[in-house]
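Asker: Structure in structure tokens, see below.
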Amino acid sequence: MTFDSLPEIAQSVIRQALDGGATDAECTMSDGEEFSVNVRMGEVETLKEAGSRGAGLRVLIGTRMGSSYTSDLTPDGIRQMVRSAIDLAAFTTADPHIGLPDPDEFGSIKTDLRLFSEDVANLPTDLKIETAKRAEAAALAFDPRITNSEGGSFDCNIGGRVFANSRGFAGAYRWTYCSVSAVPIATLNDSMERDFWYTIARNYAGLEDPEYVGRKAAERAVRRLGAVKVETQRAPIIFEPRVARSLLGNLFEAVEGRAIYREASFLAGKLGEKIADERITLIDDGTIPGLFGSEPFDDEGVPTRRTPVIERGVLKNYLLNTYTARKLGMKTTGNASRGITGNAGIGHGNFFLEAGDKTPEQILRSVKNGFYVTELIGSGVNTVTGDYSRGAVGMWIRDGELAFPVSEVTIASTLQEMLNGVAEIGSDLEFRGSVSAPTIMIGEMTVAGR
Amino acid sequence: MSFSDSFFASRFGITRRNLENYLSDALSRGGDYADLYFEYLATSSISIDESIVKSATQGVSLGVGVRVISGERTGYAYSDDLSPEKIRKAAQVAAMIAAGPAKVEKTSLEEGQKRNLYPVLTAPGDTAFKERVELAQRADKAARAYDSRIFQAQVTYADNLRQVMVATSDGVLTYDRQPLARLSVLALARENGGVPQQGHSGGGGRYELDWFQTERTPEQFAQEAARQAIVQLGAADAPAGEQIVVLGPGWPGVLLHEAVGHGLEADFNRKGVSAFSGRIGQQVASPLCTVVDDGTIGGRRGSLNVDDEGNETQRNVLIENGILRGYLQDKLSSRILGAAATGSGRRESYEHIPMPRMTNTFMLAGESDPQDVIRSVPRGLYCANFAGGQVDITSGNFVFSASESYLIEDGKLTRPVKNATLIGNGPEAMKYVSMVGNDLKLDEGIGVCGKEGQSVPVGVGIPTVRIDRMTVGGTA
């Protein structure tokens, strides 16, 4: 079964659903080919290669909704999926906000998003293995303290999405990506530290050099050696871009429509209010060519767009799908997102914080005593209340320099105070995935240690 | 049950001969070992939000994964199509990891696995959907009735039935039918238009729907979620810095899962990348601590008749009186290390390579009266519930997030404090365990463990435990 045959299956699913009694239906299909190789200590450790397909269906019978999915695309499998969704609709409650988007909302953006690159499909296996080996080898050679490794890896993926509904919308697109990563381990006496680096691109040529990936990962692992716990104190915190992204993840949870209509977000009811320092401008944009959060239409067949979420500190928009928009008396922002197996939830496109004008070095130099955070662990962020408490790893800052490594500490505050307490935004915005942030400095947070 | 009556044989016409041929294909380039993992997963879920049934979903995913091991190398391929030509193609792709002539004799499959830890007669999927809706509705009603300050409740009831069949080139053929059900309740409380607080509860296991009528009712889970939300309304800021911490019984056993469990998975240890690597026989916890991982407890969420590599699960002692005793093995690690199987090879689905994983991980009961444990603390933190945790197995640092905790002052619980993160170092933290209660409790059955992108259901448990030193993250 090829990708080109899927749109026809989707149409047949819609027809069967309507014939079975649905008043409306939408069908999502996915297609994917994955390849991954992990090399450890110079030898191939695992090599995986496979492809899979699936279909998901949502039917409406009046204002009741049923949904189902299957990986069995045989005629029997499809019939069972259609029957399930129709049967299930009887068990849900009639809900006036349920439904497909309004007819004038369907569409697909016309820009060439450059999501697909033919070369990914044709990369020789040897090249993929060699690339993973080069990344790991560079990490192992970087420093004698790099004594071990979880490996170097190369992954690539060719994916496709087909979407059709009973109102006549039909669309399909394909994408590719490949990535290289390295996870070296540094040792000092009895203690070990690991870190990682990676590069991801739509095609092979867009990747950073595997050697760069390996060296960067090794440099990061080595500088963590000899980490200590610091005294419990209040201190300025700098989030490097890789961890600053996680803050954006927290903010996304707080501005997506489901959390808003349920009043389960500290930002519910705050539209139009100043909720952050005026240096904060947070954008969701699914239309930027080549980037990882871009797609021509969302998972309800609505074109993606650029939505300012926070503009100079003022909360401007929530991110909505059709259902949550109707609940809130608003319009969808084209942020419907679903897998094959679920209902339309909410996702983001390229979700990023606009860059500031100071370089990360300038920001670092401005701090006399503070904490430069390079990794966060744990799930201690409550986006209902805004309470923030997470495990952190990084470097202690003394007189504008990274002085010594720190671990086994936590940082705590509230998202409200952090947003208002932003002291600096770096100029170093890079799009490395669908969530992107430059360096962010927060004036003060609680660091708990000894 | 004979092979011909088994699910994949009767439904997809797969024969023993087919399996033997696929294994031969997998080993055609000289691999040392191969296995096939057939999976048919039927899921269903319903959710209630704003007191209405907003979604009802059912689905099916099926496929087969083929693995070939050659030395320390693993080749893997899968197919979501069970036709012979697709399975053979997957076997040939996986076979490429080895390079040479076939060297394994043709496999002759013997059936293993006879016991049944979850004799579920009526699989969840066969129960009328209406009964599931009623369960969820009861939970919604009970959460809202608990207190007038509860203003939102969300209830999800999800169950699935996984049919699996494993055939290995060392001659093992097993099949299993694995039911799993879970009810979860989230409640939001607010007082006088103030900040909302949430409470979460849930449970289940490898049970029939009946279990939710007789053993643990939707009302119990709902009231627990609502109670936690109400407690949070009165919570003060948590203290920051090193404290004496007392863990309550049950779900706080997630400490063991993060602090020691992951670090004892054999893949990390054979590669020497775990903070516990090379420490077998050493003191890694106080002598009061005995920690086991037991996949054989009837009906538990983390239990399995056979693991996802066809080995029977068992009770494995990880730490005995503070001494590190053993690791959790999968097939690859036990081959390389020459270690006995522990029945710990698990995978998320047929698309995934198995790895050593936990099942139900808990600390055995000690001798202290739980009240004495609390009374012994002049000033500290009592953690009754946790939201989850994470570990960096290489440095050994782990965190877990308290979702219900109280200040202890002069041996008494005084007031609730806000959610805080606790952080420690695996091989060190457990050395500070100074009292272990006699009240071992297993969790209610909601745990999901993630490792390298694969999620599997697990259980945890712990008695009341006093830890003399642990860093508490504090709030604001």
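By order of appearance in the structure tokens: chains A, B, ..., then residues from 1 within every chain, and ligands from 1 in the order shown.
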Can you write out as JSON lines which residues of chain A fall within 7 Å of chain B, alongside each residue's closest atom pair and its distance in Å to one decimal, counting only C-alpha atoms and ordering rows by chain and ascending residue number?

Answerer:
```
{"residue": "A:Val44", "atom": "CA", "partner": "B:Arg73", "partner_atom": "CA", "distance": 6.2}
{"residue": "A:Glu45", "atom": "CA", "partner": "B:Arg73", "partner_atom": "CA", "distance": 4.6}
{"residue": "A:Thr46", "atom": "CA", "partner": "B:Thr74", "partner_atom": "CA", "distance": 4.5}
{"residue": "A:Leu47", "atom": "CA", "partner": "B:Gly75", "partner_atom": "CA", "distance": 4.9}
{"residue": "A:Lys48", "atom": "CA", "partner": "B:Tyr76", "partner_atom": "CA", "distance": 4.6}
{"residue": "A:Glu49", "atom": "CA", "partner": "B:Ala77", "partner_atom": "CA", "distance": 5.2}
{"residue": "A:Ala50", "atom": "CA", "partner": "B:Ala77", "partner_atom": "CA", "distance": 5.2}
{"residue": "A:Gly51", "atom": "CA", "partner": "B:Ser79", "partner_atom": "CA", "distance": 6.9}
{"residue": "A:Ser52", "atom": "CA", "partner": "B:Asp80", "partner_atom": "CA", "distance": 6.0}
{"residue": "A:Met65", "atom": "CA", "partner": "B:Ser55", "partner_atom": "CA", "distance": 6.7}
{"residue": "A:Gly66", "atom": "CA", "partner": "B:Ala56", "partner_atom": "CA", "distance": 5.5}
{"residue": "A:Ser67", "atom": "CA", "partner": "B:Thr57", "partner_atom": "CA", "distance": 4.7}
{"residue": "A:Ser68", "atom": "CA", "partner": "B:Gln58", "partner_atom": "CA", "distance": 4.7}
{"residue": "A:Tyr69", "atom": "CA", "partner": "B:Gly59", "partner_atom": "CA", "distance": 4.5}
{"residue": "A:Thr70", "atom": "CA", "partner": "B:Val60", "partner_atom": "CA", "distance": 4.7}
{"residue": "A:Ser71", "atom": "CA", "partner": "B:Ser61", "partner_atom": "CA", "distance": 4.8}
{"residue": "A:Asp72", "atom": "CA", "partner": "B:Ser61", "partner_atom": "CA", "distance": 6.8}
{"residue": "A:Ser84", "atom": "CA", "partner": "B:Gln58", "partner_atom": "CA", "distance": 6.6}
{"residue": "A:Leu88", "atom": "CA", "partner": "B:Ala56", "partner_atom": "CA", "distance": 5.9}
{"residue": "A:Thr92", "atom": "CA", "partner": "B:Val53", "partner_atom": "CA", "distance": 4.7}
{"residue": "A:Thr93", "atom": "CA", "partner": "B:Val53", "partner_atom": "CA", "distance": 5.1}
{"residue": "A:Ser191", "atom": "CA", "partner": "B:Ser395", "partner_atom": "CA", "distance": 6.8}
{"residue": "A:Met192", "atom": "CA", "partner": "B:Ser395", "partner_atom": "CA", "distance": 5.5}
{"residue": "A:Glu193", "atom": "CA", "partner": "B:Ser395", "partner_atom": "CA", "distance": 5.3}
{"residue": "A:Arg194", "atom": "CA", "partner": "B:Thr394", "partner_atom": "CA", "distance": 6.4}
{"residue": "A:Thr232", "atom": "CA", "partner": "B:Gly241", "partner_atom": "CA", "distance": 5.7}
{"residue": "A:Ile377", "atom": "CA", "partner": "B:Gln390", "partner_atom": "CA", "distance": 6.3}
{"residue": "A:Gly378", "atom": "CA", "partner": "B:Gln390", "partner_atom": "CA", "distance": 5.2}
{"residue": "A:Ser379", "atom": "CA", "partner": "B:Ser401", "partner_atom": "CA", "distance": 6.7}
{"residue": "A:Gly380", "atom": "CA", "partner": "B:Ser401", "partner_atom": "CA", "distance": 5.6}
{"residue": "A:Val384", "atom": "CA", "partner": "B:Pro196", "partner_atom": "CA", "distance": 6.7}
{"residue": "A:Thr385", "atom": "CA", "partner": "B:Val195", "partner_atom": "CA", "distance": 6.3}
{"residue": "A:Ser389", "atom": "CA", "partner": "B:Thr421", "partner_atom": "CA", "distance": 5.6}
{"residue": "A:Arg390", "atom": "CA", "partner": "B:Thr421", "partner_atom": "CA", "distance": 5.9}
{"residue": "A:Gly391", "atom": "CA", "partner": "B:Val399", "partner_atom": "CA", "distance": 6.2}
{"residue": "A:Glu408", "atom": "CA", "partner": "B:Ile423", "partner_atom": "CA", "distance": 6.1}
{"residue": "A:Val409", "atom": "CA", "partner": "B:Ile423", "partner_atom": "CA", "distance": 6.8}
{"residue": "A:Thr410", "atom": "CA", "partner": "B:Gly473", "partner_atom": "CA", "distance": 5.1}
{"residue": "A:Ile411", "atom": "CA", "partner": "B:Gly473", "partner_atom": "CA", "distance": 6.6}
{"residue": "A:Ala412", "atom": "CA", "partner": "B:Thr475", "partner_atom": "CA", "distance": 5.4}
{"residue": "A:Ser413", "atom": "CA", "partner": "B:Ala476", "partner_atom": "CA", "distance": 3.8}
{"residue": "A:Thr414", "atom": "CA", "partner": "B:Ala476", "partner_atom": "CA", "distance": 6.0}
{"residue": "A:Thr446", "atom": "CA", "partner": "B:Ala476", "partner_atom": "CA", "distance": 6.5}
{"residue": "A:Ala448", "atom": "CA", "partner": "B:Gly241", "partner_atom": "CA", "distance": 4.9}
{"residue": "A:Gly449", "atom": "CA", "partner": "B:Gly241", "partner_atom": "CA", "distance": 5.4}
{"residue": "A:Arg450", "atom": "CA", "partner": "B:Glu242", "partner_atom": "CA", "distance": 5.7}
```

Asker: Using DSSP on the backbone coordinates, identify all residues within stretch 305-429 of chain B classified as strand (DSSP E); present the result as a PyMOL selection string.

Answerer: chain B and resi 315-320+323-324+345-346+355-356+360-363+379-391+397-409+412-417+421-425

Asker: Write out as an MDAnalysis selection string which residues come within 12 Å of A:Arg40 when counting only C-alpha atoms, dropping same-chain ones fewer than 5 positions away.

Answerer: (chainID A and resid 45:47 129 132:137 139:140 148:154 181:185) or (chainID B and resid 72:74 271 273)

Asker: Which residue is closest to A:Pro96? Choose from A:Thr439, A:Thr341, A:Asn157, A:Thr63 and count only C-alpha atoms.

Answerer: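 Looking only at the distances to A:Pro96, the closest residue turns out to be A:Thr63.
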
Asker: Quick one: residues within 9 Å of A:Leu60, only C-alpha atoms, excluding same-chain residues fewer than 5 positions away - as a compact mmCIF listing (two decimals) with N, CA and C atoms, in the first residue's frame?

Answerer:
```txt
# COMPACT_ATOMS: atom_id res chain seq x y z
N ALA A 22 -23.95 8.42 9.88
CA ALA A 22 -23.29 9.62 10.41
C ALA A 22 -23.81 10.85 9.67
N THR A 23 -23.96 11.98 10.38
CA THR A 23 -24.34 13.20 9.70
C THR A 23 -23.10 13.95 9.20
N ASP A 24 -21.98 13.71 9.85
CA ASP A 24 -20.70 14.25 9.39
C ASP A 24 -19.61 13.28 9.79
N ALA A 25 -18.50 13.36 9.07
CA ALA A 25 -17.39 12.45 9.42
C ALA A 25 -16.08 13.07 8.98
N GLU A 26 -15.02 12.74 9.70
CA GLU A 26 -13.69 13.12 9.22
C GLU A 26 -12.73 11.98 9.47
N MET A 65 -20.83 12.50 19.28
CA MET A 65 -19.61 12.18 18.56
C MET A 65 -19.08 10.81 18.98
N GLY A 66 -18.62 10.04 18.01
CA GLY A 66 -17.96 8.78 18.32
C GLY A 66 -16.65 8.73 17.56
N SER A 67 -15.65 8.03 18.11
CA SER A 67 -14.40 7.96 17.35
C SER A 67 -13.76 6.59 17.48
N ALA A 85 -17.19 3.56 15.51
CA ALA A 85 -17.39 5.00 15.72
C ALA A 85 -18.88 5.33 15.76
N ILE A 86 -19.64 4.72 14.85
CA ILE A 86 -21.08 5.00 14.80
C ILE A 86 -21.78 4.47 16.05
N ALA A 89 -21.11 6.68 19.14
CA ALA A 89 -21.76 8.00 19.20
C ALA A 89 -23.02 7.96 20.07
N ILE A 98 -20.05 20.73 19.68
CA ILE A 98 -19.36 19.72 18.87
C ILE A 98 -19.65 19.97 17.39
N GLY A 99 -18.69 19.70 16.54
CA GLY A 99 -18.97 19.78 15.12
C GLY A 99 -17.72 20.05 14.31
N LEU A 100 -17.85 19.95 13.01
CA LEU A 100 -16.73 20.28 12.12
C LEU A 100 -16.59 21.80 12.09
```

Asker: Stretch 371-375 of chain B: which residues within 10 Å, counting only C-alpha atoms, same-chain residues fewer than 4 positions away excluded, as a list in words?

Answerer: Val245, Val246, Leu247, Gly248, Arg379, Gly380, Leu381, Tyr382, Ile408, Glu409, Asp410, Gly411, Lys412, Leu413, Ser434, Met435, Val436, Gly437, Thr464, Val465 and Arg466 of chain B

Asker: Counting only C-alpha atoms, what is within 8 Å of stretch 197-202 of chain A, bar same-chain residues fewer than 6 positions away, as number ranges by chain?

Answerer: A: 115-117, 175-183, 208, 213-214, 216-217, 290, 432-433

Asker: For the selection you just gave me, I'd like the residues written to a file as a PDB file, in the first residue's frame, keeping N, CA and C atoms.

Answerer:
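The resulting file, selection20.pdb, is shown below:
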```
ATOM      1  N   LEU A 115       8.604  20.736   3.394  1.00  0.00           N
ATOM      2  CA  LEU A 115       8.627  19.752   4.477  1.00  0.00           C
ATOM      3  C   LEU A 115       9.245  18.427   4.042  1.00  0.00           C
ATOM      4  N   PHE A 116       9.323  18.239   2.720  1.00  0.00           N
ATOM      5  CA  PHE A 116       9.727  16.936   2.199  1.00  0.00           C
ATOM      6  C   PHE A 116      10.993  17.043   1.373  1.00  0.00           C
ATOM      7  N   SER A 117      11.892  16.144   1.614  1.00  0.00           N
ATOM      8  CA  SER A 117      13.111  16.124   0.818  1.00  0.00           C
ATOM      9  C   SER A 117      13.358  14.703   0.341  1.00  0.00           C
ATOM     10  N   TRP A 175       6.281  14.634   4.808  1.00  0.00           N
ATOM     11  CA  TRP A 175       7.439  15.320   5.355  1.00  0.00           C
ATOM     12  C   TRP A 175       8.577  14.340   5.566  1.00  0.00           C
ATOM     13  N   THR A 176       9.748  14.876   5.737  1.00  0.00           N
ATOM     14  CA  THR A 176      10.911  14.055   6.075  1.00  0.00           C
ATOM     15  C   THR A 176      11.684  14.766   7.171  1.00  0.00           C
ATOM     16  N   TYR A 177      12.419  13.994   7.917  1.00  0.00           N
ATOM     17  CA  TYR A 177      13.462  14.614   8.727  1.00  0.00           C
ATOM     18  C   TYR A 177      14.532  13.593   8.992  1.00  0.00           C
ATOM     19  N   CYS A 178      15.696  14.076   9.345  1.00  0.00           N
ATOM     20  CA  CYS A 178      16.730  13.182   9.827  1.00  0.00           C
ATOM     21  C   CYS A 178      17.448  13.868  10.968  1.00  0.00           C
ATOM     22  N   SER A 179      18.050  13.088  11.827  1.00  0.00           N
ATOM     23  CA  SER A 179      18.728  13.673  12.976  1.00  0.00           C
ATOM     24  C   SER A 179      19.926  12.831  13.367  1.00  0.00           C
ATOM     25  N   VAL A 180      20.873  13.497  14.003  1.00  0.00           N
ATOM     26  CA  VAL A 180      22.081  12.847  14.495  1.00  0.00           C
ATOM     27  C   VAL A 180      22.237  13.256  15.949  1.00  0.00           C
ATOM     28  N   SER A 181      22.561  12.310  16.822  1.00  0.00           N
ATOM     29  CA  SER A 181      22.800  12.683  18.207  1.00  0.00           C
ATOM     30  C   SER A 181      23.943  11.873  18.787  1.00  0.00           C
ATOM     31  N   ALA A 182      24.483  12.380  19.889  1.00  0.00           N
ATOM     32  CA  ALA A 182      25.546  11.685  20.607  1.00  0.00           C
ATOM     33  C   ALA A 182      25.298  11.836  22.100  1.00  0.00           C
ATOM     34  N   VAL A 183      25.535  10.739  22.840  1.00  0.00           N
ATOM     35  CA  VAL A 183      25.330  10.746  24.304  1.00  0.00           C
ATOM     36  C   VAL A 183      26.586  10.176  24.985  1.00  0.00           C
ATOM     37  N   GLU A 208      23.969  19.545  11.071  1.00  0.00           N
ATOM     38  CA  GLU A 208      25.291  19.989  11.512  1.00  0.00           C
ATOM     39  C   GLU A 208      26.240  18.808  11.306  1.00  0.00           C
ATOM     40  N   VAL A 213      28.491  17.641  16.513  1.00  0.00           N
ATOM     41  CA  VAL A 213      27.508  17.104  17.460  1.00  0.00           C
ATOM     42  C   VAL A 213      28.225  16.337  18.572  1.00  0.00           C
ATOM     43  N   GLY A 214      29.178  15.489  18.182  1.00  0.00           N
ATOM     44  CA  GLY A 214      29.912  14.692  19.155  1.00  0.00           C
ATOM     45  C   GLY A 214      30.726  15.549  20.110  1.00  0.00           C
ATOM     46  N   LYS A 216      30.375  18.733  20.858  1.00  0.00           N
ATOM     47  CA  LYS A 216      29.500  19.570  21.676  1.00  0.00           C
ATOM     48  C   LYS A 216      28.922  18.752  22.838  1.00  0.00           C
ATOM     49  N   ALA A 217      28.503  17.519  22.545  1.00  0.00           N
ATOM     50  CA  ALA A 217      27.939  16.654  23.591  1.00  0.00           C
ATOM     51  C   ALA A 217      29.009  16.352  24.637  1.00  0.00           C
ATOM     52  N   GLY A 290      10.050  25.022   5.920  1.00  0.00           N
ATOM     53  CA  GLY A 290      11.202  24.232   6.344  1.00  0.00           C
ATOM     54  C   GLY A 290      11.256  23.923   7.831  1.00  0.00           C
ATOM     55  N   ARG A 432      15.267  24.679  16.496  1.00  0.00           N
ATOM     56  CA  ARG A 432      15.791  23.315  16.597  1.00  0.00           C
ATOM     57  C   ARG A 432      14.647  22.448  17.126  1.00  0.00           C
ATOM     58  N   GLY A 433      13.659  22.215  16.283  1.00  0.00           N
ATOM     59  CA  GLY A 433      12.443  21.559  16.751  1.00  0.00           C
ATOM     60  C   GLY A 433      11.296  22.551  16.687  1.00  0.00           C
TER      61      GLY A 433
END
```

Asker: List every residue of stretch 164-314 of chain A that DSSP, applied to the backbone of this structure, assigns to alpha helix (DSSP H), and report them as a VMD selection string.

Answerer: chain A and resid 210 to 223 241 to 255 257 to 261

Asker: Would you write out those residues with C-alpha atoms, as a short mmCIF file (atom, residue, chain, number, x, y, z; two decimals), in the first residue's frame?

Answerer:
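Contents of part-v4.cif, as written:
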```
data_model
loop_
_atom_site.label_atom_id
_atom_site.label_comp_id
_atom_site.auth_asym_id
_atom_site.auth_seq_id
_atom_site.Cartn_x
_atom_site.Cartn_y
_atom_site.Cartn_z
CA PRO A 210 28.40 14.80 13.10
CA GLU A 211 31.82 15.73 14.55
CA TYR A 212 30.40 19.00 15.83
CA VAL A 213 27.51 17.10 17.46
CA GLY A 214 29.91 14.69 19.16
CA ARG A 215 32.30 17.38 20.40
CA LYS A 216 29.50 19.57 21.68
CA ALA A 217 27.94 16.65 23.59
CA ALA A 218 31.32 15.72 25.06
CA GLU A 219 32.11 19.29 26.09
CA ARG A 220 28.79 19.46 27.89
CA ALA A 221 29.32 16.11 29.69
CA VAL A 222 32.86 17.00 30.79
CA ARG A 223 31.90 20.35 32.23
CA PRO A 241 18.04 27.88 25.03
CA ARG A 242 17.68 24.10 25.31
CA VAL A 243 15.98 24.37 28.73
CA ALA A 244 14.25 27.67 28.00
CA ARG A 245 12.21 25.68 25.49
CA SER A 246 10.65 23.71 28.35
CA LEU A 247 9.31 26.96 29.82
CA LEU A 248 7.53 27.52 26.53
CA GLY A 249 6.11 24.02 26.82
CA ASN A 250 4.66 25.02 30.20
CA LEU A 251 3.20 28.21 28.73
CA PHE A 252 1.65 26.26 25.86
CA GLU A 253 -0.24 24.09 28.38
CA ALA A 254 -1.50 27.25 30.03
CA VAL A 255 -2.82 28.90 26.83
CA GLY A 257 -8.16 26.08 24.79
CA ARG A 258 -9.06 23.05 26.89
CA ALA A 259 -7.25 24.40 29.93
CA ILE A 260 -8.91 27.77 29.35
CA TYR A 261 -12.55 26.73 29.10
#
```

Asker: Can you tell me, as a ChimeraX atom specification, what residues are no more than 6 Å from B:Ser405 when counting only C-alpha atoms, ignoring any on the same chain fewer than 6 positions away?

Answerer: /B:382-384,416-417

Asker: Selected residues, C-alpha atoms, written as a PDB file, in the first residue's frame, please.

Answerer:
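That gives us selection-v9.pdb:
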```pdb
ATOM      1  CA  TYR B 382       5.359  14.215  55.350  1.00  0.00           C
ATOM      2  CA  CYS B 383       4.610  13.270  51.736  1.00  0.00           C
ATOM      3  CA  ALA B 384       1.342  11.391  51.300  1.00  0.00           C
ATOM      4  CA  PRO B 416      -0.627  21.033  54.224  1.00  0.00           C
ATOM      5  CA  VAL B 417       2.045  22.585  52.009  1.00  0.00           C
TER       6      VAL B 417
END
```

Asker: What is the distance between atom CA of B:Thr127 and atom CA of B:Asp210, in Å to one decimal?

Answerer: 9.8 Å
